[in-house]
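Novice: CSV, C-alpha atoms, saved as upload-v3.csv, coming up:
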```csv
chain,number,residue,atom,x,y,z
A,1,MET,CA,124.0,170.1,71.2
A,2,GLY,CA,123.5,167.4,73.7
A,3,PHE,CA,124.5,164.1,75.4
A,4,SER,CA,123.3,160.5,75.9
A,5,ALA,CA,122.0,158.9,79.1
A,6,ILE,CA,125.1,156.9,79.9
A,7,PRO,CA,125.3,157.1,83.8
A,8,PRO,CA,128.5,156.8,85.9
A,9,ARG,CA,127.1,153.6,87.5
A,10,ASN,CA,124.0,151.5,87.4
A,11,ASP,CA,121.9,153.7,89.6
A,12,GLN,CA,118.6,155.1,88.2
A,13,ALA,CA,118.5,158.0,90.6
A,14,VAL,CA,122.0,159.1,89.6
A,15,ALA,CA,121.2,158.6,85.9
A,16,ILE,CA,118.2,160.9,86.2
A,17,GLN,CA,120.2,163.5,88.2
A,18,ALA,CA,122.8,163.5,85.5
A,19,ILE,CA,120.2,164.0,82.7
A,20,ASP,CA,118.7,166.8,84.7
A,21,ILE,CA,122.1,168.5,85.0
A,22,TRP,CA,123.1,168.2,81.3
A,23,SER,CA,119.6,169.2,80.1
A,24,ARG,CA,120.4,172.7,81.2
A,25,ARG,CA,123.2,172.9,78.6
A,26,ALA,CA,121.6,170.9,75.8
A,27,ASP,CA,118.8,171.4,73.2
A,28,ALA,CA,119.0,167.8,71.9
A,29,ALA,CA,119.5,164.3,73.2
A,30,ILE,CA,121.0,161.2,71.5
A,31,ILE,CA,120.0,157.6,72.0
A,32,SER,CA,122.9,155.5,70.8
A,33,LEU,CA,122.4,151.8,70.9
A,34,GLU,CA,123.0,148.4,69.2
A,35,PRO,CA,120.0,146.5,68.0
A,36,PRO,CA,118.8,144.2,70.8
A,37,TRP,CA,120.1,141.1,69.0
A,38,ALA,CA,119.4,138.5,71.7
A,39,GLU,CA,115.7,139.6,71.9
A,40,LEU,CA,115.3,139.9,68.2
A,41,LEU,CA,116.8,136.5,67.5
A,42,ALA,CA,114.4,135.1,70.2
A,43,GLY,CA,111.5,136.5,68.3
A,44,THR,CA,110.5,139.4,70.5
A,45,ASP,CA,108.3,141.9,68.8
A,46,PRO,CA,110.5,145.0,68.0
A,47,ALA,CA,107.6,147.4,68.8
A,48,THR,CA,107.3,145.9,72.2
A,49,LEU,CA,111.0,146.4,72.8
A,50,VAL,CA,110.8,150.0,71.8
A,51,ARG,CA,107.7,150.6,73.9
A,52,VAL,CA,109.0,149.0,77.0
A,53,VAL,CA,112.8,149.9,76.9
A,54,GLN,CA,113.3,153.0,74.8
A,55,LEU,CA,110.0,155.0,74.7
A,56,PRO,CA,110.1,156.0,78.4
A,57,LEU,CA,113.5,157.6,77.9
A,58,ALA,CA,112.5,159.3,74.7
A,59,THR,CA,109.4,160.6,76.5
A,60,TYR,CA,111.5,162.0,79.3
A,61,TYR,CA,113.8,163.7,76.8
A,62,ARG,CA,110.7,165.2,75.1
A,63,SER,CA,109.4,166.5,78.4
A,64,LYS,CA,112.5,168.6,78.6
A,65,GLY,CA,112.0,170.0,75.1
A,66,HIS,CA,114.9,168.2,73.5
A,67,GLU,CA,115.2,167.2,69.9
A,68,LEU,CA,115.7,163.4,69.7
A,69,TRP,CA,118.5,161.9,67.7
A,70,ILE,CA,118.8,158.1,67.2
A,71,TYR,CA,122.1,156.4,66.4
A,72,LEU,CA,121.7,152.7,65.7
A,73,ASP,CA,125.0,150.8,65.6
A,74,PRO,CA,124.6,147.2,64.2
A,75,GLY,CA,128.2,146.3,65.1
A,76,ASN,CA,130.3,146.4,68.2
A,77,GLY,CA,130.5,150.0,69.6
A,78,LEU,CA,133.6,149.3,71.6
A,79,ASN,CA,135.4,147.1,69.0
A,80,ARG,CA,134.9,148.3,65.4
A,81,ALA,CA,136.7,145.3,64.1
A,82,GLY,CA,134.3,142.8,65.8
A,83,GLU,CA,130.7,141.7,65.7
A,84,SER,CA,128.2,142.7,68.3
A,85,ASP,CA,128.9,140.6,71.4
A,86,PRO,CA,125.3,139.3,71.8
A,87,LEU,CA,125.1,138.5,68.1
A,88,ALA,CA,128.4,136.6,68.2
A,89,ALA,CA,127.3,134.8,71.4
A,90,ALA,CA,124.2,133.5,69.6
A,91,GLY,CA,126.4,132.1,66.8
A,92,HIS,CA,125.3,134.6,64.2
A,93,SER,CA,127.0,137.3,62.1
A,94,LEU,CA,126.0,140.6,60.6
A,95,THR,CA,127.2,139.2,57.2
A,96,GLU,CA,124.0,137.0,57.2
A,97,PRO,CA,121.2,138.5,55.0
A,98,ALA,CA,118.6,137.3,57.5
A,99,VAL,CA,120.4,139.1,60.3
A,100,GLN,CA,120.7,142.2,58.3
A,101,MET,CA,117.0,142.2,57.7
A,102,LEU,CA,116.4,141.6,61.4
A,103,GLY,CA,118.7,144.5,62.3
A,104,THR,CA,116.3,147.0,60.5
A,105,ALA,CA,113.5,146.0,62.8
A,106,PRO,CA,114.5,148.4,65.7
A,107,MET,CA,114.0,151.3,63.3
A,108,VAL,CA,110.4,151.0,64.2
A,109,PHE,CA,111.7,153.3,67.0
A,110,SER,CA,111.9,156.0,64.4
A,111,ARG,CA,108.2,155.7,63.6
A,112,ALA,CA,107.3,155.3,67.3
A,113,SER,CA,109.2,158.5,68.3
A,114,ARG,CA,107.8,160.4,65.3
A,115,ARG,CA,110.8,162.7,65.0
A,116,THR,CA,114.4,161.6,64.5
A,117,SER,CA,117.7,163.1,63.5
A,118,PRO,CA,117.9,164.9,60.2
A,119,THR,CA,118.6,162.8,57.1
A,120,SER,CA,120.6,165.4,55.2
A,121,ARG,CA,124.3,165.1,54.6
A,122,SER,CA,125.0,168.1,56.8
A,123,SER,CA,128.0,167.7,59.2
A,124,ARG,CA,127.4,166.5,62.7
A,125,SER,CA,129.6,165.0,65.4
A,126,SER,CA,129.0,162.2,67.9
A,127,GLU,CA,132.0,161.7,70.1
A,128,GLY,CA,133.1,159.8,73.2
A,129,GLY,CA,135.2,162.8,74.1
A,130,TRP,CA,138.7,163.2,75.4
A,131,THR,CA,140.1,161.8,78.7
A,132,SER,CA,140.9,164.2,81.5
A,133,LEU,CA,143.4,161.7,83.0
A,134,SER,CA,146.6,160.2,81.6
A,135,LEU,CA,146.0,156.5,80.7
A,136,GLY,CA,149.0,154.4,79.8
A,137,ALA,CA,150.6,155.9,76.7
A,138,ILE,CA,147.9,158.6,76.5
A,139,VAL,CA,149.1,161.8,78.2
A,140,SER,CA,146.3,164.1,79.2
A,141,SER,CA,144.9,166.4,81.9
A,142,GLN,CA,141.8,168.2,82.8
A,143,ASP,CA,143.1,171.3,80.9
A,144,ALA,CA,143.9,169.2,77.9
A,145,GLN,CA,140.3,168.0,77.9
A,146,ARG,CA,139.1,171.5,78.1
A,147,ARG,CA,141.3,172.5,75.1
A,148,TYR,CA,139.9,169.6,73.2
A,149,ILE,CA,136.4,170.8,73.6
A,150,VAL,CA,137.4,174.3,72.6
A,151,ARG,CA,139.1,173.0,69.4
A,152,HIS,CA,136.3,170.6,68.6
A,153,MET,CA,133.8,173.5,68.6
A,154,GLU,CA,136.1,175.6,66.4
A,155,LEU,CA,136.3,172.8,63.8
A,156,LEU,CA,132.6,172.2,63.9
A,157,ASP,CA,131.9,175.9,63.4
A,158,ARG,CA,134.2,175.9,60.3
A,159,ALA,CA,132.3,173.0,59.0
A,160,SER,CA,128.9,174.7,59.6
A,161,ALA,CA,127.9,171.6,61.6
A,162,ILE,CA,124.3,171.1,62.6
A,163,GLY,CA,124.9,169.0,65.7
A,164,VAL,CA,127.4,167.9,68.2
A,165,PHE,CA,127.0,165.2,70.9
A,166,GLN,CA,129.3,164.2,73.7
A,167,LEU,CA,128.2,160.7,74.4
A,168,THR,CA,129.5,160.6,78.0
A,169,PHE,CA,128.5,163.5,80.2
A,170,THR,CA,129.8,161.9,83.3
A,171,ASP,CA,133.0,159.9,84.1
A,172,LEU,CA,132.4,156.2,84.8
A,173,ASP,CA,132.5,154.9,88.3
A,174,LEU,CA,134.8,151.9,87.5
A,175,PRO,CA,134.8,150.2,91.0
A,176,ALA,CA,131.0,150.2,90.9
A,177,LEU,CA,130.8,148.5,87.4
A,178,SER,CA,132.5,145.2,88.0
A,179,LEU,CA,134.0,145.0,84.5
A,180,PRO,CA,135.8,142.0,83.1
A,181,ALA,CA,139.6,142.1,83.1
A,182,ASP,CA,139.7,142.5,79.3
A,183,SER,CA,137.2,145.4,79.1
A,184,ILE,CA,138.3,148.5,77.3
A,185,LEU,CA,135.8,150.7,79.0
A,186,PRO,CA,138.5,152.1,81.4
A,187,LEU,CA,139.9,153.9,78.4
A,188,PHE,CA,136.7,156.0,78.3
A,189,ALA,CA,136.2,156.3,82.0
A,190,TYR,CA,137.4,159.9,82.3
A,191,ASN,CA,135.8,161.4,79.2
A,192,GLY,CA,133.0,163.1,81.1
A,193,LEU,CA,132.6,166.8,81.5
A,194,VAL,CA,131.7,166.1,85.1
A,195,ASP,CA,133.2,163.4,87.3
A,196,ALA,CA,131.5,160.2,88.6
A,197,ASN,CA,130.0,162.2,91.5
A,198,LEU,CA,128.6,164.8,89.0
A,199,GLN,CA,131.1,167.5,90.0
A,200,PRO,CA,132.1,169.8,87.1
A,201,LYS,CA,135.5,169.6,85.3
A,202,PRO,CA,137.1,172.6,83.4
A,203,ALA,CA,135.9,171.2,80.1
A,204,LEU,CA,132.3,171.8,81.2
A,205,SER,CA,132.9,175.6,81.1
A,206,ALA,CA,134.1,175.3,77.5
A,207,TRP,CA,131.0,173.4,76.5
A,208,ASP,CA,128.8,175.9,78.3
A,209,GLU,CA,130.5,178.8,76.5
A,210,ALA,CA,129.7,177.2,73.1
A,211,PHE,CA,126.1,176.4,74.1
A,212,GLY,CA,125.6,179.9,75.5
A,213,ARG,CA,126.3,181.5,72.1
A,214,PRO,CA,123.3,182.4,69.9
A,215,LEU,CA,122.2,179.4,67.8
A,216,ALA,CA,123.1,181.1,64.5
A,217,SER,CA,126.6,182.0,65.6
A,218,ARG,CA,127.5,178.5,66.8
A,219,ALA,CA,126.2,177.1,63.5
A,220,LEU,CA,124.9,174.0,65.3
A,221,TYR,CA,121.5,172.4,65.2
```
As structure tokens, how would this structure be written, given the file I've shared?

Specialist:
Amino acid sequence: MGFSAIPPRNDQAVAIQAIDIWSRRADAAIISLEPPWAELLAGTDPATLVRVVQLPLATYYRSKGHELWIYLDPGNGLNRAGESDPLAAAGHSLTEPAVQMLGTAPMVFSRASRRTSPTSRSSRSSEGGWTSLSLGAIVSSQDAQRRYIVRHMELLDRASAIGVFQLTFTDLDLPALSLPADSILPLFAYNGLVDANLQPKPALSAWDEAFGRPLASRALY
């Protein structure tokens, strides 16, 4: 069980504080990322990118005893119907064989980090979560978010899942992010188990209850 390092705002101190808080209720961490298309297309050595950008975070996770899971998304994580924004901006497409070959280069990260997520077909879940605030036609509340976590854990137990990740541990501090008008990130802004100031929401207690169970009884990795 674990989270990713998505912070509420672009503040390294807050990002580290958030990791320290969720590390107390996690035994794994996930690094979810798109290939660094702009750098790869420019000819930057993938091993250098891993060493400079990703390895410090992986090392920090390791220092806390976390298993490391890597999720490499070659497309657009916020628009499943579209290409990666940097790839499209460079005039390329994932349909190009050369780009597909280039996209495998970041998997050097798997070798550099030595241990990665299991390769079996066991069930696992990596989710953005559920909003604790009503947004447009989406009606929700902090209690609805808590009930979502409870139900999610029940379903994963039935599936004998080996892992579950909530990608956003914190809410997003929208005023601090200066998003473009057409950004869909506000739809995910209140999915955190703590708010943008790292204060707990009721859903955190539901997560903690599941994490506090003996490993065998929660059927999770």

Novice: Considering only C-alpha atoms, state which residue in the set A:Glu127, A:Ala26, A:Val50, A:Leu172 is at the smallest distance from A:Gly212.

Specialist: A:Ala26

Novice: Please provide the set of residues having any atom within 10 Å of stretch 176-182 of chain A, restricted to all atoms listed in the file, with same-chain residues fewer than 5 positions apart removed, written as a ChimeraX atom specification.

Specialist: /A:8-11

Novice: Take the residues that were just selected and, keeping C-alpha atoms, output them as a JSON list (two decimals), keeping the file's coordinate frame.

Specialist:
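Output below, filename selection_8.json:
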```
[["chain", "number", "residue", "atom", "x", "y", "z"],
["A", 8, "PRO", "CA", 128.50, 156.80, 85.90],
["A", 9, "ARG", "CA", 127.10, 153.60, 87.50],
["A", 10, "ASN", "CA", 124.00, 151.50, 87.40],
["A", 11, "ASP", "CA", 121.90, 153.70, 89.60]]
```

Novice: A:Pro175, A:Leu187, A:Leu155, A:Phe211: which is nearest A:Ile138, counting only C-alpha atoms?

Specialist: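 Ranking A:Pro175, A:Leu187, A:Leu155, A:Phe211 by distance to A:Ile138, first place goes to A:Leu187.
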
Novice: Which value, in Å to one decimal, gives the distance between atom CA of A:Thr131 and atom CA of A:Asp171?

Specialist: 9.1 Å

Novice: Nearest residue to A:Ala18 out of A:Asn191, A:Thr168, A:Ser125, A:Asn79, using all atoms listed in the file?

Specialist: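 The closest residue to A:Ala18 is A:Thr168.
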
Novice: Would you kindly return, as a list in words, each protein, DNA or RNA residue with an atom no farther than 9 Å from any atom of A:Gly129, considering all atoms listed in the file and excluding same-chain residues fewer than 5 positions away?

Specialist: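 Final neighbour list, sorted by chain and number: Gln145, Tyr148, Ile149, Gln166, Leu167, Thr168, Phe188, Tyr190, Asn191, Gly192 and Leu193 of chain A.
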
Novice: Please, can stretch 25-37 of chain A be completed to N, CA and C atoms and returned as a PDB file, keeping the file's coordinate frame?

Specialist:
```
ATOM      1  N   ARG A  25     122.151 172.438  79.595  1.00  0.00           N
ATOM      2  CA  ARG A  25     123.200 172.900  78.600  1.00  0.00           C
ATOM      3  C   ARG A  25     123.063 172.043  77.350  1.00  0.00           C
ATOM      4  N   ALA A  26     121.834 171.733  76.952  1.00  0.00           N
ATOM      5  CA  ALA A  26     121.600 170.900  75.800  1.00  0.00           C
ATOM      6  C   ALA A  26     120.245 171.305  75.160  1.00  0.00           C
ATOM      7  N   ASP A  27     120.137 171.199  73.845  1.00  0.00           N
ATOM      8  CA  ASP A  27     118.800 171.400  73.200  1.00  0.00           C
ATOM      9  C   ASP A  27     118.455 170.123  72.413  1.00  0.00           C
ATOM     10  N   ALA A  28     119.242 169.054  72.595  1.00  0.00           N
ATOM     11  CA  ALA A  28     119.000 167.800  71.900  1.00  0.00           C
ATOM     12  C   ALA A  28     119.502 166.655  72.800  1.00  0.00           C
ATOM     13  N   ALA A  29     119.048 165.448  72.521  1.00  0.00           N
ATOM     14  CA  ALA A  29     119.500 164.300  73.200  1.00  0.00           C
ATOM     15  C   ALA A  29     119.727 163.160  72.187  1.00  0.00           C
ATOM     16  N   ILE A  30     120.688 162.289  72.441  1.00  0.00           N
ATOM     17  CA  ILE A  30     121.000 161.200  71.500  1.00  0.00           C
ATOM     18  C   ILE A  30     120.741 159.864  72.225  1.00  0.00           C
ATOM     19  N   ILE A  31     120.091 158.950  71.537  1.00  0.00           N
ATOM     20  CA  ILE A  31     120.000 157.600  72.000  1.00  0.00           C
ATOM     21  C   ILE A  31     120.852 156.740  71.078  1.00  0.00           C
ATOM     22  N   SER A  32     121.964 156.270  71.602  1.00  0.00           N
ATOM     23  CA  SER A  32     122.900 155.500  70.800  1.00  0.00           C
ATOM     24  C   SER A  32     122.891 154.057  71.329  1.00  0.00           C
ATOM     25  N   LEU A  33     122.572 153.129  70.445  1.00  0.00           N
ATOM     26  CA  LEU A  33     122.400 151.800  70.900  1.00  0.00           C
ATOM     27  C   LEU A  33     122.636 150.758  69.772  1.00  0.00           C
ATOM     28  N   GLU A  34     122.956 149.533  70.174  1.00  0.00           N
ATOM     29  CA  GLU A  34     123.000 148.400  69.200  1.00  0.00           C
ATOM     30  C   GLU A  34     121.597 147.831  69.138  1.00  0.00           C
ATOM     31  N   PRO A  35     121.271 147.198  68.019  1.00  0.00           N
ATOM     32  CA  PRO A  35     120.000 146.500  68.000  1.00  0.00           C
ATOM     33  C   PRO A  35     119.989 145.428  69.114  1.00  0.00           C
ATOM     34  N   PRO A  36     118.861 145.193  69.727  1.00  0.00           N
ATOM     35  CA  PRO A  36     118.800 144.200  70.800  1.00  0.00           C
ATOM     36  C   PRO A  36     118.788 142.784  70.211  1.00  0.00           C
ATOM     37  N   TRP A  37     119.981 142.365  69.778  1.00  0.00           N
ATOM     38  CA  TRP A  37     120.100 141.100  69.000  1.00  0.00           C
ATOM     39  C   TRP A  37     119.515 139.916  69.693  1.00  0.00           C
TER      40      TRP A  37
END
```
